[in-house]
Every structure is written in C-alpha cells, then in structure tokens.
Amino acid sequence: MDEGILHHLYISPVEKCNLGCKICYTFKSGDILTNEKILDYVDRYNKVVEVKTITFCGGEVFALTNFSELVNELTRIGYFIQIITNGTIDRLDQFKNPNLINIIVSLDGLPKYHDKNRGAGNFRKSFTFLQKAQKMGFHTEAFSIITQENLPDIEKFEKLVKVPVTYHPRKPMAYLTAHPVSNIVGETKGFSFITAAQRAKLGSNKKIFPPLNFGCWQVSLMSNGVIYGCCEGITAIGRITDDPKLIIERFKKRMNPTGCIEPCFMCGYKDECHS
C-alpha cells in the first residue's frame with residue numbers, strides 16, 4: 001500500500017444540497033458535522049499521521065454558512081484544502097489563503113447540457129464562480145460526470161473552461177441500484193451510461209476517476225460521523241470519536257491487491273478491473 005494516501009483526508013460535512021440535479025445519487029441526510037468536531041478529528045489524526053491535504057465534498061459545502069471559518073483555520077495551520085462544489089453559492093471572498101485552496105467546480109459539459117441536469121442558468125453561475133476563483137488566486141479544476149450525451153463534446157468543453165478537468169463516468173446501474181445507502185438512480189433518459197470500451201478509451205488520454213488501475217481509497221469521514229475507506233464505501237472502519245491508530249489499522253486491513261477498498265461490493269466496474 002502507498003503510505004502517501006494516509007496523508008490525505010476526505011470529509012463530507014453535509015449531504016444536503018441547494019440544487020436538485022437529475023443524476024445525483026447522494027443520499028440527502030440531515031446530518032451536519034460541526035467545525036469543532038472536524039478540527040478535533042483532524043488534530044487527533046495528525047498526531048498519528050501527518051495530514052497534508054484535506055478534501056471537502058457534500059452535498060454542497062458552501063451551503064454551510066460557517067464553512068469558510070473552518071477552512072481559514074485549517075489553512076492557517078498549514079493544510080492544503082480541496083473543495084468540491086457546484087459553484088452556485090459564492091463565499092470566495094471569505095477565504096484568507098486562496099493559495100492553499102483548490103476549488104474544484106462540478107461542470108457537466110457545455111451550458112445547455114449542464115443546465116439540463118442542474119437547472120436553467122446554473123452553468124453561467126458556476127462558470128462565473130470558477131473564473132472569479134482563478135482571478136483571486138485559488139487553484140482551480142473542473143469535475144465532470146460523463147455520459148453518452150456529453151462525451152462527444154469534451155474537447156469543446158475543455159476549450160471553454162480552460163482548467164484541468166477530471167472526468168467521472170456516470171455510475172453504472174449495478175452501483176446505483178445496489179449501494180445500501182446511496183441507492184438513487186436518478187434520470188437515465190438523456191443521461192445514458194457510457195460503455196466499458198468508451199471508459200477505457202477516455203482513460204487512455206484523459207484524467208478519469210476512478211482511474212483505470214482502480215486506485216479507489218481514502219480515509220473518508222461522513223456527515224454522520226462514520227468513517228469509511230473510500231468516499232463511496234459501504235463498510236465502515238470506525239467513527240469520528242475512535243482512536244486514529246485503530247482507524248488506520250482497519251484501513252490497511254481493508255486494502256485489496258487490486259487497489260479497491262471494497263472488493264466485495266458490486267461497483268459495476270469489476271469486469272474492467274485490472275488485477
């Protein structure tokens with residue numbers, strides 16, 4: 001196992017969102033992690049393994065009015081922060097250290113397609129947010145869910161957004177229907193799943209998640225205080241109050257030679273898995 005992955009924490013402080021995207025599969029629970037609980041968790045973990053990067057995702061983290069206070073404290077300490085956001089709630093002016101923050105904006109493709117999934121006018125909001133972040137000195141990226149419908153337009157999309165893009169093939173039906181928590185299929189008409197061959201071709205010349213070698217693992221804290229070995233895992237390895245040493249021990253035991261933390265779960269990609 002690459003010990004470097006232990007230096008990165010994934011935290012989802014909230015599952016609720018301000019949008020109602022047609023292909024979202026995140027279960028909208030009412031749980032919220034307080035800033036105090038997150039800071040305590042990071043501090044205790046850092047005493048066992050040095051924390052270098054923390055990724056925040058949701059839900060929509062900018063829906064939390066005090067989220068910037070949390071990030072400002074973490075960057076003051078010296079952590080590098082990544083924030084995955086839909087970019088429709090602008091709190092960028094509240095951050096004190098943009099050079100220590102990577103803003104990753106979810107953009108599904110060209111404006112018409114993006115708004116079909118996320119609502120009219122939201123591409124303009126998100127793209128304006130992304131451009132503002134660039135001008136303010138934040139690191140910036142885009143994260144794009146790929147379907148049959150937007151796959152042909154990715155070159156045009158990249159020319160438009162002018163930032164690094166990570167592509168995420170839409171979760172296969174096997175995943176969407178089998179996951180014990182996030183078993184939400186969403187709409188399929190107009191948002192069709194790409195094939196294994198298309199995914200392999202895309203991964204040969206673009207950055208995709210999960211990568212073709214299936215490195216899908218990270219110590220992941222969810223809004224209900226449960227910790228998994230993957231941000232979409234199904235087998236808990238502990239809770240926020242547990243000793244980080246135990247969390248790390250369980251994480252290592254869960255690792256699989258294929259690079260998947262959940263080898264027993266039908267994720268939908270198993271037929272493509274490189275052992």
# chains A, B, ... in the order shown; residues from 1 in each chain; ligands from 1
call {"tool": "select_by_dssp", "arguments": {"residues": "region 94-261 of chain A", "states": "alpha helix (DSSP H)", "output": "count of residues only"}}
result
58
call {"tool": "atom_distance", "arguments": {"atom1": "CA of Ile227 (chain A)", "atom2": "CA of Leu246 (chain A)"}}
result
11.5 Å
call {"tool": "select_by_dssp", "arguments": {"residues": "region 70-269 of chain A", "states": "strand (DSSP E or B)", "output": "number ranges by chain"}}
result
A: 80-85, 101-106, 139-146, 165-169, 208, 216, 219-221, 226-228, 236-239, 260
call {"tool": "residues_around", "arguments": {"residues": "Ile84 (chain A)", "least_positions_apart": "5", "cutoff": "7 Å", "atoms": "only C-alpha atoms", "output": "ChimeraX atom specification"}}
result
/A:56-57,103-105
call {"tool": "write_last_selection", "arguments": {"atoms": "C-alpha atoms", "output": "compact mmCIF listing (two decimals), in the first residue's frame"}}
result
# COMPACT_ATOMS: atom_id res chain seq x y z
CA PHE A 56 -14.22 18.61 1.38
CA CYS A 57 -17.27 17.50 -0.53
CA ILE A 103 -11.55 24.93 -5.91
CA ILE A 104 -13.00 22.01 -7.91
CA VAL A 105 -16.21 23.01 -9.68
call {"tool": "residues_around", "arguments": {"residues": "Gly137 (chain A)", "least_positions_apart": "5", "cutoff": "9 Å", "atoms": "only C-alpha atoms", "output": "MDAnalysis selection string"}}
result
chainID A and resid 97:99 132
call {"tool": "atom_distance", "arguments": {"atom1": "CA of Thr65 (chain A)", "atom2": "CA of Ile11 (chain A)"}}
result
16.8 Å
call {"tool": "residues_around", "arguments": {"residues": "Thr140 (chain A)", "least_positions_apart": "6", "cutoff": "9 Å", "atoms": "only C-alpha atoms", "output": "PyMOL selection string"}}
result
chain A and resi 101-105+130-131+133-134+163-164
call {"tool": "write_last_selection", "arguments": {"atoms": "N, CA and C atoms", "output": "PDB file, in the first residue's frame"}}
result
ATOM      1  N   ILE A 101      -5.792  26.685  -1.337  1.00  0.00           N
ATOM      2  CA  ILE A 101      -7.111  26.098  -1.589  1.00  0.00           C
ATOM      3  C   ILE A 101      -7.274  25.785  -3.075  1.00  0.00           C
ATOM      4  N   ASN A 102      -7.693  24.565  -3.359  1.00  0.00           N
ATOM      5  CA  ASN A 102      -8.020  24.153  -4.727  1.00  0.00           C
ATOM      6  C   ASN A 102      -9.539  24.068  -4.852  1.00  0.00           C
ATOM      7  N   ILE A 103     -10.111  24.915  -5.684  1.00  0.00           N
ATOM      8  CA  ILE A 103     -11.553  24.927  -5.912  1.00  0.00           C
ATOM      9  C   ILE A 103     -11.867  24.027  -7.108  1.00  0.00           C
ATOM     10  N   ILE A 104     -12.632  22.971  -6.867  1.00  0.00           N
ATOM     11  CA  ILE A 104     -12.998  22.011  -7.913  1.00  0.00           C
ATOM     12  C   ILE A 104     -14.488  22.160  -8.194  1.00  0.00           C
ATOM     13  N   VAL A 105     -14.816  22.705  -9.350  1.00  0.00           N
ATOM     14  CA  VAL A 105     -16.210  23.014  -9.679  1.00  0.00           C
ATOM     15  C   VAL A 105     -16.808  21.915 -10.551  1.00  0.00           C
ATOM     16  N   LEU A 130     -16.105  29.954 -11.119  1.00  0.00           N
ATOM     17  CA  LEU A 130     -14.799  29.383 -11.442  1.00  0.00           C
ATOM     18  C   LEU A 130     -13.832  30.461 -11.919  1.00  0.00           C
ATOM     19  N   GLN A 131     -14.295  31.330 -12.793  1.00  0.00           N
ATOM     20  CA  GLN A 131     -13.438  32.404 -13.307  1.00  0.00           C
ATOM     21  C   GLN A 131     -13.023  33.373 -12.200  1.00  0.00           C
ATOM     22  N   ALA A 133     -12.697  32.602  -9.037  1.00  0.00           N
ATOM     23  CA  ALA A 133     -11.719  31.891  -8.209  1.00  0.00           C
ATOM     24  C   ALA A 133     -10.330  31.967  -8.832  1.00  0.00           C
ATOM     25  N   GLN A 134     -10.259  31.821 -10.147  1.00  0.00           N
ATOM     26  CA  GLN A 134      -8.977  31.930 -10.847  1.00  0.00           C
ATOM     27  C   GLN A 134      -8.352  33.304 -10.636  1.00  0.00           C
ATOM     28  N   VAL A 163      -9.425  24.963 -17.712  1.00  0.00           N
ATOM     29  CA  VAL A 163      -8.815  24.495 -16.464  1.00  0.00           C
ATOM     30  C   VAL A 163      -8.665  22.982 -16.574  1.00  0.00           C
ATOM     31  N   PRO A 164      -7.802  22.363 -15.752  1.00  0.00           N
ATOM     32  CA  PRO A 164      -7.713  20.903 -15.754  1.00  0.00           C
ATOM     33  C   PRO A 164      -9.065  20.275 -15.416  1.00  0.00           C
TER      34      PRO A 164
END
call {"tool": "residues_around", "arguments": {"residues": "Phe143 (chain A)", "least_positions_apart": "5", "cutoff": "10 Å", "atoms": "only C-alpha atoms", "output": "list in words"}}
result
Ile84, Thr85, Asn86, Ile104, Val105, Ser106, Leu107, Asp108, Gly109, Pro164, Val165, Thr166, Tyr167, His168, Ile208 and Phe209 of chain A
call {"tool": "write_last_selection", "arguments": {"atoms": "C-alpha atoms", "output": "short mmCIF file (atom, residue, chain, number, x, y, z; two decimals), in the first residue's frame"}}
result
data_model
loop_
_atom_site.label_atom_id
_atom_site.label_comp_id
_atom_site.auth_asym_id
_atom_site.auth_seq_id
_atom_site.Cartn_x
_atom_site.Cartn_y
_atom_site.Cartn_z
CA ILE A 84 -15.61 20.17 -4.48
CA THR A 85 -18.58 22.45 -5.15
CA ASN A 86 -21.33 23.11 -7.65
CA ILE A 104 -13.00 22.01 -7.91
CA VAL A 105 -16.21 23.01 -9.68
CA SER A 106 -18.68 20.41 -10.94
CA LEU A 107 -19.44 21.19 -14.58
CA ASP A 108 -21.28 18.58 -16.63
CA GLY A 109 -20.36 19.86 -20.07
CA PRO A 164 -7.71 20.90 -15.75
CA VAL A 165 -10.69 18.52 -15.90
CA THR A 166 -11.24 15.18 -14.17
CA TYR A 167 -13.90 13.04 -15.82
CA HIS A 168 -16.13 10.74 -13.82
CA ILE A 208 -10.68 10.00 -15.00
CA PHE A 209 -11.97 8.91 -11.60
#
call {"tool": "residues_around", "arguments": {"residues": "Asn18 (chain A)", "least_positions_apart": "6", "cutoff": "10 Å", "atoms": "only C-alpha atoms", "output": "VMD selection string"}}
result
chain A and resid 59 to 63 86 88 to 89
call {"tool": "write_last_selection", "arguments": {"atoms": "N, CA and C atoms", "output": "PDB file, in the first residue's frame"}}
result
ATOM      1  N   GLY A  59     -23.178  16.504  -0.847  1.00  0.00           N
ATOM      2  CA  GLY A  59     -23.836  17.762  -0.584  1.00  0.00           C
ATOM      3  C   GLY A  59     -23.117  18.973  -1.182  1.00  0.00           C
ATOM      4  N   GLU A  60     -23.510  20.103  -0.684  1.00  0.00           N
ATOM      5  CA  GLU A  60     -22.870  21.355  -1.082  1.00  0.00           C
ATOM      6  C   GLU A  60     -22.318  22.049   0.144  1.00  0.00           C
ATOM      7  N   VAL A  61     -20.972  22.055   0.263  1.00  0.00           N
ATOM      8  CA  VAL A  61     -20.326  22.580   1.461  1.00  0.00           C
ATOM      9  C   VAL A  61     -20.528  24.084   1.625  1.00  0.00           C
ATOM     10  N   PHE A  62     -20.703  24.812   0.513  1.00  0.00           N
ATOM     11  CA  PHE A  62     -20.907  26.256   0.629  1.00  0.00           C
ATOM     12  C   PHE A  62     -22.299  26.608   1.152  1.00  0.00           C
ATOM     13  N   ALA A  63     -23.155  25.618   1.300  1.00  0.00           N
ATOM     14  CA  ALA A  63     -24.453  25.841   1.939  1.00  0.00           C
ATOM     15  C   ALA A  63     -24.288  26.036   3.445  1.00  0.00           C
ATOM     16  N   ASN A  86     -20.606  22.861  -6.402  1.00  0.00           N
ATOM     17  CA  ASN A  86     -21.335  23.114  -7.650  1.00  0.00           C
ATOM     18  C   ASN A  86     -21.150  24.556  -8.122  1.00  0.00           C
ATOM     19  N   THR A  88     -22.477  27.435  -7.191  1.00  0.00           N
ATOM     20  CA  THR A  88     -23.621  28.357  -7.292  1.00  0.00           C
ATOM     21  C   THR A  88     -23.808  29.212  -6.046  1.00  0.00           C
ATOM     22  N   ILE A  89     -23.027  28.942  -5.001  1.00  0.00           N
ATOM     23  CA  ILE A  89     -23.052  29.765  -3.788  1.00  0.00           C
ATOM     24  C   ILE A  89     -21.663  30.377  -3.629  1.00  0.00           C
TER      25      ILE A  89
END
call {"tool": "closest_residue", "arguments": {"among": "A:Arg239, A:Lys245, A:His139, A:Lys116", "to": "Lys189 (chain A)", "atoms": "only C-alpha atoms"}}
result
A:Lys116
call {"tool": "atom_distance", "arguments": {"atom1": "CA of Thr147 (chain A)", "atom2": "CA of Ser192 (chain A)"}}
result
5.3 Å
call {"tool": "closest_residue", "arguments": {"among": "A:Met255, A:Leu19, A:Ile237, A:Cys230", "to": "Ala120 (chain A)", "atoms": "only C-alpha atoms"}}
result
A:Leu19
call {"tool": "closest_residue", "arguments": {"among": "A:Lys52, A:Lys125, A:Lys206, A:Lys112", "to": "Asp90 (chain A)", "atoms": "only C-alpha atoms"}}
result
A:Lys125
